[in-house]
Structures are given as structure tokens and as C-alpha cells.
Amino acid sequence: MTADLSIVVPTFNESANIEALIERVSIALEGLSWEMIVVDDDSPDGTADVAKAIARHDGRVRCIRRVNRRGLSGACVEGILSSSAPFVAVMDADLQHDETLLLPMYRSVRSGAADIAVGSRYSTGNAVATGFSSLRARISRCGTALAKRILGITCTDPMSGFFMLRRDIFDPLAPRLAESGYKILADILASSSRPLRIAEFGFEFRPRRAGQSKFDARIVLDFLGLLINKLSNGRIPVRFASFALVGASGVLVHLVALQIARLALTAPLSYHRDVFAASQAAATFVAMTTNFFVNNAVTYRDSRIQGAPHLLRALLAFHLVCALGAVANVSVATSLYDMTGRWLAPAIAGVVMGSIWNFTLSSFFVWKRS
Ligand code: GDD
Ligand code: MN
């Protein structure tokens, strides 16, 4: 029997939650024919083993184990594309999402009343829902406001990880969705060529049952990258946006390091000019080094370099790439300056040129991505 609804559940270290989730979904969807696709990114806690053990005796469940890859959005996309029911849902494994909404959500998309049903954490009015810390709630509100204003999304909770839609709406959008990132719903809403009719279902965001949330500062940066990507109509890749944002934050690090170095070097070096040159060199070194580590943790976390010898080698390569990038930057800017006699546009062109250089070569030589 083929299923009417495919429920895609992305997992990372959720072994203690899978069984309870399936039980609850079975009860909530009594009478409906459904299937569940658990997409696990090779969790060290053996989530895939648990899911596959269940799949062996429950034909409604299957598990995709992905190796050497991480990413919530990518996992959801892969799970949806691997299934075939006419309706698909995405839901977290940690029981924070209210499974009793699945049936009303299904009815609304099934009847054609809505294109997409969203389990929304705000409609009930409890902004600081139980499963949210207050800082997390604040970050989430900012993200929502940005998404609404910049992407023109009209949905109370575009950051929700709980939604359901018709497959024929999702399929054509799939190639346009960002592989890395956490905000697949915002991405779907922003990528659709016509505005989707949304039905919202308010629910209380329950506390996670077992394990830990994977939400951290990186996800915020990812989201900013997604905004830039969508604003540029997909022309600026999310990864480049993230790289550029890290670079921009490096300017701040540079200025702080410069100031500290100047204070430290004023006594040993008597010439002001020498103090400045040495401080500028030290600050450049510090900023490049922090940029390397931040990029390693965020921009390239799916190919993260670990272990002291590998890190040292990669750090040296990154310094070399960026030094050449600086040469590219200065030469482009200077020749444009010679041609136009202006300074601002050539300076920006130099920075853009240098960033593209740094990004392309680092991707290839430092993080070894093709
Ligand atoms: N396959 C895979 N790969 N799954 C992942 C990954 C990953 O890299 N990271 C997280 N997950 C899974 C988790 O195991 C869980 O089932 C679900 O994705 C959500 O992850 P949580 O770590 O529990 O996220 P959260 O509760 O902090 O965040 C919730 O709110 C966000 C909005 O602020 C989720 O509903 C998110 O989907 C939502 O965007
Ligand atoms: Mn969660």
C-alpha cells in the first residue's frame, strides 16, 4: 500500500527519542496511511541503528544514513526527494513538535484550502514558549522580523521546522534550496515563484525530551547567509556570503589587535612609523588567524579540519592564499584608481576581488572542496 503522507524526520543524536516519536505519530495518525523517513547524519549515538531496527519490523519506517555530511536543510531535502507520497511533512525528532497537529495540517493541505501548513510557535500568543530560552526567543524574533521584511514572507513563524505541503509544490523548488542551513521553511517560502497560501497551526513548543539542541551561533550566520543568497536571487552562494561576513567581522578583530599592538610596541620601538607598521602586520596576522578558525567552525564546518598538524598546515595555506588575495586586491584597486582617478569604487572593487580570490582558493586548497 502506498502512503498518503511522507513524514521526514532529520536526526542528529536522537537515539533516545525515535521510538517515542514513532509511537506518538502512530496514535495521532490512526487511520491514515503514512510513512516516516528518518534522515540521519551518521550520529555517533547510533540513531540510525535504532531507526533501522524499528524499520525491520515496521514497514512504515525507513532510515537514510548519510555519511560525511551534516546539515539540517540538506537532510530534509534528501528525505523529501527520496519519498513519493503526494503530501510531505517535516518534523523534528525530539518531540518538541506537537504530533496531534499532523492530522489537521494534513486535512488543510489535502482539501486545497492551503498550499502549505505550518506548525507555528507563536500563533498561540505565548512568545516565550516553554521549549525556548529567553535569549533564543529573542534571536528567533529578530530572524523572523528580518525574514518578513527582507524576503517578504507573510508567516508568523517562518523559522519553524514543522510543516507540510503538497509534493508537486516542493519538487520544482528543490534545486533552488540551500543545502547547508537550518531554515528550510523560510527558504521554501522565499524560493517559490508564486506566494504560497499558508495555513498556520499554533502549538506550544515543548521542551526537548532527550539529548541536546544543535542550535548555536553558527545557525545565525547561516541564516544571514541565506538572506543574502535570496536577496541576490541566488547569485551569491550561501557559503560565500558566510565567508564574506566572517571577513567583515575580521576587520573589527584587526582594529582591536592593532590598538593593542600599538600600546605594546610604543615603548620598545621609538619611531611612530615603525610602531604602526609592526602593529599593522601583527593585526593582519591575528585577524587572518581568527578568520581561519571561524571559517573552519562555521563556513566550512561540513569539511572541518581537525587535529593540530592538519590545522597548522591549513592555517599556513590560508595565510598564503590571503596574502596573495591582498596582492590581487591592491593591484586591482590601484589600476582602477589610475584609470578613473576615484578612490571609493576602486577600493570596493579591490575588496570584492580579494574576497572572491580568498574564497575560491581557500575552498579548493585549504578546505579541499571542489
Ligand atoms: N540530519 C540532520 N543533520 N539532522 C539534524 C542536524 C543535522 O546536521 N542538526 C539538527 N538535526 C535534527 C535534530 O536531531 C532534530 O531532530 C531537528 O533536526 C531539530 O534540531 P534541534 O537541535 O532540536 O533544533 P532546535 O530545537 O534548537 O530548533 C528548532 O527550532 C528552529 C527554529 O528556531 C527546530 O524546529 C528547527 O527546525 C527550527 O529551525
Ligand atoms: Mn529541538
# chains A, B, ... in the order shown; residues from 1 in each chain; ligands from 1

call {"tool": "residues_near_ligand", "arguments": {"ligand": "ligand 2", "cutoff": "9 Å", "atoms": "only C-alpha atoms and all ligand atoms", "output": "list in words"}}
result
Asp92, Ala93, Asp94, Leu95, Gln96, His97, Gly131, Gly161, Phe205, Arg206, Pro207, Arg208, Arg209, Gln212, Ser213, Lys214 and Phe215 of chain A

call {"tool": "write_last_selection", "arguments": {"atoms": "N, CA and C atoms", "output": "PDB file, in the first residue's frame"}}
result
ATOM      1  N   ASP A  92      10.667  17.608  13.691  1.00  0.00           N
ATOM      2  CA  ASP A  92      11.847  17.283  14.492  1.00  0.00           C
ATOM      3  C   ASP A  92      11.636  15.966  15.236  1.00  0.00           C
ATOM      4  N   ALA A  93      12.756  15.348  15.618  1.00  0.00           N
ATOM      5  CA  ALA A  93      12.681  14.046  16.280  1.00  0.00           C
ATOM      6  C   ALA A  93      12.545  14.171  17.786  1.00  0.00           C
ATOM      7  N   ASP A  94      12.793  15.353  18.336  1.00  0.00           N
ATOM      8  CA  ASP A  94      12.958  15.455  19.790  1.00  0.00           C
ATOM      9  C   ASP A  94      11.646  15.684  20.542  1.00  0.00           C
ATOM     10  N   LEU A  95      10.518  15.499  19.855  1.00  0.00           N
ATOM     11  CA  LEU A  95       9.181  15.608  20.455  1.00  0.00           C
ATOM     12  C   LEU A  95       8.821  17.032  20.868  1.00  0.00           C
ATOM     13  N   GLN A  96       9.543  18.015  20.315  1.00  0.00           N
ATOM     14  CA  GLN A  96       9.175  19.407  20.600  1.00  0.00           C
ATOM     15  C   GLN A  96       7.967  19.827  19.767  1.00  0.00           C
ATOM     16  N   HIS A  97       7.765  19.120  18.660  1.00  0.00           N
ATOM     17  CA  HIS A  97       6.637  19.459  17.791  1.00  0.00           C
ATOM     18  C   HIS A  97       5.416  18.630  18.161  1.00  0.00           C
ATOM     19  N   GLY A 131       9.701  25.600  25.387  1.00  0.00           N
ATOM     20  CA  GLY A 131      10.924  24.971  24.904  1.00  0.00           C
ATOM     21  C   GLY A 131      12.009  25.964  24.522  1.00  0.00           C
ATOM     22  N   GLY A 161      10.411  24.437  12.142  1.00  0.00           N
ATOM     23  CA  GLY A 161      10.915  23.229  11.486  1.00  0.00           C
ATOM     24  C   GLY A 161       9.804  22.200  11.344  1.00  0.00           C
ATOM     25  N   PHE A 205       5.644  25.000  21.871  1.00  0.00           N
ATOM     26  CA  PHE A 205       6.942  24.393  21.592  1.00  0.00           C
ATOM     27  C   PHE A 205       7.400  23.691  22.869  1.00  0.00           C
ATOM     28  N   ARG A 206       7.250  22.359  22.891  1.00  0.00           N
ATOM     29  CA  ARG A 206       7.541  21.641  24.134  1.00  0.00           C
ATOM     30  C   ARG A 206       9.045  21.577  24.380  1.00  0.00           C
ATOM     31  N   PRO A 207       9.439  21.363  25.624  1.00  0.00           N
ATOM     32  CA  PRO A 207      10.867  21.175  25.893  1.00  0.00           C
ATOM     33  C   PRO A 207      11.339  19.898  25.203  1.00  0.00           C
ATOM     34  N   ARG A 208      12.554  19.883  24.729  1.00  0.00           N
ATOM     35  CA  ARG A 208      13.079  18.691  24.053  1.00  0.00           C
ATOM     36  C   ARG A 208      13.128  17.544  25.048  1.00  0.00           C
ATOM     37  N   ARG A 209      12.871  16.306  24.570  1.00  0.00           N
ATOM     38  CA  ARG A 209      12.731  15.204  25.501  1.00  0.00           C
ATOM     39  C   ARG A 209      14.078  14.673  25.984  1.00  0.00           C
ATOM     40  N   GLN A 212      20.495  16.978  23.161  1.00  0.00           N
ATOM     41  CA  GLN A 212      20.766  18.416  23.163  1.00  0.00           C
ATOM     42  C   GLN A 212      20.361  19.089  21.863  1.00  0.00           C
ATOM     43  N   SER A 213      20.038  20.374  21.959  1.00  0.00           N
ATOM     44  CA  SER A 213      19.736  21.150  20.761  1.00  0.00           C
ATOM     45  C   SER A 213      21.034  21.406  20.003  1.00  0.00           C
ATOM     46  N   LYS A 214      20.944  21.442  18.671  1.00  0.00           N
ATOM     47  CA  LYS A 214      22.130  21.730  17.866  1.00  0.00           C
ATOM     48  C   LYS A 214      22.161  23.196  17.465  1.00  0.00           C
ATOM     49  N   PHE A 215      21.252  23.968  18.030  1.00  0.00           N
ATOM     50  CA  PHE A 215      21.201  25.388  17.686  1.00  0.00           C
ATOM     51  C   PHE A 215      22.394  26.107  18.287  1.00  0.00           C
TER      52      PHE A 215
END

call {"tool": "residues_near_ligand", "arguments": {"ligand": "ligand 1", "cutoff": "6 Å", "atoms": "only C-alpha atoms and all ligand atoms", "output": "JSON, numbers by chain"}}
result
{"A": [10, 11, 12, 13, 14, 39, 40, 41, 70, 71, 72, 75, 92, 93, 94, 140, 159, 160, 161, 182, 183, 213, 214, 215]}

call {"tool": "write_last_selection", "arguments": {"atoms": "C-alpha atoms", "output": "PDB file, in the first residue's frame"}}
result
ATOM      1  CA  PRO A  10      16.049  14.852  10.256  1.00  0.00           C
ATOM      2  CA  THR A  11      18.131  13.473  13.118  1.00  0.00           C
ATOM      3  CA  PHE A  12      21.426  14.015  14.800  1.00  0.00           C
ATOM      4  CA  ASN A  13      21.928  12.205  18.101  1.00  0.00           C
ATOM      5  CA  GLU A  14      18.271  11.406  18.704  1.00  0.00           C
ATOM      6  CA  VAL A  39      17.430  11.097   7.693  1.00  0.00           C
ATOM      7  CA  ASP A  40      20.381  10.654   9.996  1.00  0.00           C
ATOM      8  CA  ASP A  41      23.791  12.269   9.534  1.00  0.00           C
ATOM      9  CA  ARG A  70      25.997  17.457   8.067  1.00  0.00           C
ATOM     10  CA  GLY A  71      23.131  19.818   7.573  1.00  0.00           C
ATOM     11  CA  LEU A  72      19.526  20.076   8.583  1.00  0.00           C
ATOM     12  CA  ALA A  75      18.861  16.219   5.162  1.00  0.00           C
ATOM     13  CA  ASP A  92      11.847  17.283  14.492  1.00  0.00           C
ATOM     14  CA  ALA A  93      12.681  14.046  16.280  1.00  0.00           C
ATOM     15  CA  ASP A  94      12.958  15.455  19.790  1.00  0.00           C
ATOM     16  CA  SER A 140      14.253  33.893  16.816  1.00  0.00           C
ATOM     17  CA  MET A 159      11.703  29.639  11.174  1.00  0.00           C
ATOM     18  CA  SER A 160       9.576  26.699  12.179  1.00  0.00           C
ATOM     19  CA  GLY A 161      10.915  23.229  11.486  1.00  0.00           C
ATOM     20  CA  TYR A 182      18.765  25.346   9.251  1.00  0.00           C
ATOM     21  CA  LYS A 183      15.857  27.311   7.856  1.00  0.00           C
ATOM     22  CA  SER A 213      19.736  21.150  20.761  1.00  0.00           C
ATOM     23  CA  LYS A 214      22.130  21.730  17.866  1.00  0.00           C
ATOM     24  CA  PHE A 215      21.201  25.388  17.686  1.00  0.00           C
TER      25      PHE A 215
END

call {"tool": "residues_around", "arguments": {"residues": "Cys142 in chain A", "least_positions_apart": "6", "cutoff": "12 Å", "atoms": "only C-alpha atoms", "output": "PyMOL selection string"}}
result
chain A and resi 135-136+148-150+157-159+220+223-224

call {"tool": "write_last_selection", "arguments": {"atoms": "all heavy atoms", "output": "compact mmCIF listing (two decimals), in the first residue's frame"}}
result
# COMPACT_ATOMS: atom_id res chain seq x y z
N LEU A 135 16.91 34.14 25.54
CA LEU A 135 17.84 34.65 24.52
C LEU A 135 17.47 34.06 23.16
O LEU A 135 17.38 34.76 22.16
CB LEU A 135 19.28 34.26 24.88
CG LEU A 135 20.30 34.60 23.78
CD1 LEU A 135 20.42 36.12 23.62
CD2 LEU A 135 21.67 33.98 24.07
N ARG A 136 17.21 32.76 23.19
CA ARG A 136 16.85 32.05 21.96
C ARG A 136 15.57 32.63 21.37
O ARG A 136 15.45 32.81 20.17
CB ARG A 136 16.70 30.58 22.32
CG ARG A 136 16.26 29.68 21.22
CD ARG A 136 17.36 29.46 20.21
NE ARG A 136 16.79 28.86 19.02
CZ ARG A 136 16.58 27.58 18.85
NH1 ARG A 136 16.96 26.74 19.79
NH2 ARG A 136 16.02 27.12 17.77
N LYS A 148 10.69 38.48 7.35
CA LYS A 148 9.45 39.09 6.86
C LYS A 148 9.76 40.31 6.03
O LYS A 148 9.22 40.50 4.94
CB LYS A 148 8.57 39.50 8.05
CG LYS A 148 7.87 38.32 8.68
CD LYS A 148 6.93 38.80 9.75
CE LYS A 148 6.31 37.63 10.47
NZ LYS A 148 5.56 38.04 11.66
N ARG A 149 10.64 41.18 6.56
CA ARG A 149 10.92 42.43 5.86
C ARG A 149 11.71 42.18 4.58
O ARG A 149 11.35 42.67 3.52
CB ARG A 149 11.69 43.37 6.78
CG ARG A 149 11.72 44.77 6.25
CD ARG A 149 11.70 45.81 7.36
NE ARG A 149 10.76 45.54 8.42
CZ ARG A 149 10.92 45.99 9.67
NH1 ARG A 149 11.98 46.69 10.00
NH2 ARG A 149 10.02 45.75 10.59
N ILE A 150 12.80 41.42 4.69
CA ILE A 150 13.69 41.29 3.54
C ILE A 150 13.16 40.32 2.50
O ILE A 150 13.23 40.56 1.30
CB ILE A 150 15.10 40.85 4.00
CG1 ILE A 150 15.66 41.90 4.97
CG2 ILE A 150 16.03 40.69 2.82
CD1 ILE A 150 17.07 41.64 5.41
N ASP A 157 5.66 32.31 11.77
CA ASP A 157 6.85 31.60 12.22
C ASP A 157 7.60 30.94 11.06
O ASP A 157 7.63 29.73 10.93
CB ASP A 157 6.43 30.53 13.25
CG ASP A 157 7.62 29.94 13.98
OD1 ASP A 157 8.74 30.45 13.79
OD2 ASP A 157 7.42 28.96 14.71
N PRO A 158 8.25 31.77 10.21
CA PRO A 158 8.94 31.20 9.05
C PRO A 158 10.15 30.36 9.45
O PRO A 158 10.73 29.68 8.60
CB PRO A 158 9.37 32.43 8.25
CG PRO A 158 9.41 33.54 9.23
CD PRO A 158 8.38 33.24 10.27
N MET A 159 10.54 30.41 10.73
CA MET A 159 11.70 29.64 11.17
C MET A 159 11.29 28.27 11.71
O MET A 159 12.11 27.54 12.24
CB MET A 159 12.43 30.36 12.32
CG MET A 159 12.76 31.78 12.04
SD MET A 159 13.86 31.82 10.64
CE MET A 159 13.76 33.54 10.32
N VAL A 220 22.88 31.23 13.20
CA VAL A 220 22.53 32.62 12.95
C VAL A 220 23.27 33.12 11.71
O VAL A 220 22.68 33.74 10.82
CB VAL A 220 22.86 33.49 14.19
CG1 VAL A 220 22.59 34.94 13.90
CG2 VAL A 220 22.09 33.01 15.41
N PHE A 223 21.87 31.76 8.59
CA PHE A 223 20.61 32.40 8.23
C PHE A 223 20.89 33.73 7.52
O PHE A 223 20.25 34.05 6.51
CB PHE A 223 19.76 32.61 9.48
CG PHE A 223 18.47 33.32 9.19
CD1 PHE A 223 17.53 32.76 8.36
CD2 PHE A 223 18.23 34.57 9.74
CE1 PHE A 223 16.35 33.41 8.07
CE2 PHE A 223 17.05 35.23 9.46
CZ PHE A 223 16.12 34.66 8.63
N LEU A 224 21.87 34.50 8.03
CA LEU A 224 22.24 35.75 7.36
C LEU A 224 22.73 35.44 5.94
O LEU A 224 22.42 36.16 4.99
CB LEU A 224 23.33 36.48 8.15
CG LEU A 224 22.90 37.02 9.51
CD1 LEU A 224 24.07 37.65 10.25
CD2 LEU A 224 21.78 38.05 9.35

call {"tool": "residues_around", "arguments": {"residues": "Ala297 in chain A", "least_positions_apart": "4", "cutoff": "12 Å", "atoms": "only C-alpha atoms", "output": "list of chain:residue names"}}
result
A:Asp216, A:Ala217, A:Arg218, A:Ile219, A:Leu221, A:Asp222, A:Ser242, A:Phe243, A:Val246, A:Thr290, A:Asn291, A:Phe292, A:Phe293, A:Arg301, A:Asp302, A:Ser303, A:Arg304, A:Ile305, A:Gln306, A:Leu311, A:Trp367

call {"tool": "write_last_selection", "arguments": {"atoms": "N, CA and C atoms", "output": "short mmCIF file (atom, residue, chain, number, x, y, z; two decimals), in the first residue's frame"}}
result
data_model
loop_
_atom_site.label_atom_id
_atom_site.label_comp_id
_atom_site.auth_asym_id
_atom_site.auth_seq_id
_atom_site.Cartn_x
_atom_site.Cartn_y
_atom_site.Cartn_z
N ASP A 216 23.12 26.89 17.52
CA ASP A 216 24.19 27.70 18.09
C ASP A 216 24.43 28.91 17.19
N ALA A 217 25.48 29.69 17.52
CA ALA A 217 25.72 30.94 16.81
C ALA A 217 25.90 30.70 15.31
N ARG A 218 26.39 29.51 14.96
CA ARG A 218 26.63 29.24 13.54
C ARG A 218 25.35 29.32 12.73
N ILE A 219 24.26 28.91 13.36
CA ILE A 219 23.00 28.88 12.64
C ILE A 219 22.53 30.29 12.31
N LEU A 221 24.57 32.80 11.64
CA LEU A 221 25.36 33.22 10.49
C LEU A 221 24.84 32.59 9.20
N ASP A 222 24.50 31.30 9.30
CA ASP A 222 23.92 30.60 8.17
C ASP A 222 22.69 31.30 7.64
N SER A 242 28.67 33.68 3.81
CA SER A 242 29.18 33.40 5.15
C SER A 242 30.66 33.77 5.25
N PHE A 243 31.43 33.40 4.22
CA PHE A 243 32.86 33.72 4.18
C PHE A 243 33.08 35.23 4.23
N VAL A 246 32.30 36.65 7.67
CA VAL A 246 33.42 36.38 8.59
C VAL A 246 34.55 37.36 8.30
N THR A 290 42.21 34.45 13.22
CA THR A 290 40.85 34.25 13.76
C THR A 290 39.88 33.93 12.63
N ASN A 291 40.04 34.62 11.48
CA ASN A 291 39.16 34.31 10.35
C ASN A 291 39.27 32.84 9.96
N PHE A 292 40.48 32.32 10.00
CA PHE A 292 40.67 30.91 9.65
C PHE A 292 39.85 30.02 10.59
N PHE A 293 39.97 30.28 11.89
CA PHE A 293 39.29 29.40 12.83
C PHE A 293 37.76 29.57 12.77
N ARG A 301 32.10 24.07 8.11
CA ARG A 301 32.01 23.09 9.18
C ARG A 301 31.73 21.69 8.65
N ASP A 302 31.17 21.62 7.43
CA ASP A 302 30.94 20.29 6.87
C ASP A 302 32.24 19.66 6.35
N SER A 303 33.31 20.45 6.24
CA SER A 303 34.61 19.83 5.90
C SER A 303 35.64 20.26 6.93
N ARG A 304 35.19 20.37 8.15
CA ARG A 304 36.04 20.92 9.22
C ARG A 304 37.36 20.17 9.37
N ILE A 305 38.44 20.97 9.52
CA ILE A 305 39.77 20.39 9.71
C ILE A 305 40.02 20.22 11.20
N GLN A 306 40.50 19.05 11.58
CA GLN A 306 40.75 18.79 13.00
C GLN A 306 42.13 18.21 13.20
N LEU A 311 45.61 21.23 11.19
CA LEU A 311 45.21 22.62 11.38
C LEU A 311 46.35 23.57 11.03
N TRP A 367 40.35 23.98 2.41
CA TRP A 367 39.32 23.03 2.86
C TRP A 367 39.06 21.92 1.86
#

call {"tool": "atom_distance", "arguments": {"atom1": "CA of Arg107 in chain A", "atom2": "CA of Ile54 in chain A"}}
result
27.7 Å

call {"tool": "residues_around", "arguments": {"residues": "Gly354 in chain A", "least_positions_apart": "6", "cutoff": "9 Å", "atoms": "only C-alpha atoms", "output": "PyMOL selection string"}}
result
chain A and resi 322+324-330+332

call {"tool": "select_by_dssp", "arguments": {"residues": "range 107-168 of chain A", "states": "helix (DSSP H, G or I)", "output": "PyMOL selection string"}}
result
chain A and resi 107-110+134-151+167-168

call {"tool": "atom_distance", "arguments": {"atom1": "CA of Ile236 in chain A", "atom2": "CA of Ala248 in chain A"}}
result
15.9 Å

call {"tool": "closest_residue", "arguments": {"among": "A:Leu101, A:Ala48, A:Ile153, A:Ile116", "to": "Leu227 in chain A", "atoms": "only C-alpha atoms"}}
result
A:Ile153

call {"tool": "closest_residue", "arguments": {"among": "A:Ala16, A:Leu5, A:Met353, A:Leu255", "to": "Asp45 in chain A", "atoms": "only C-alpha atoms"}}
result
A:Ala16

call {"tool": "closest_residue", "arguments": {"among": "A:Pro309, A:Gly46, A:Pro104, A:Pro237", "to": "Arg176 in chain A", "atoms": "only C-alpha atoms"}}
result
A:Pro237

call {"tool": "closest_residue", "arguments": {"among": "A:Ser180, A:Ser108, A:Ser191, A:Asn296", "to": "Arg69 in chain A", "atoms": "only C-alpha atoms"}}
result
A:Ser180
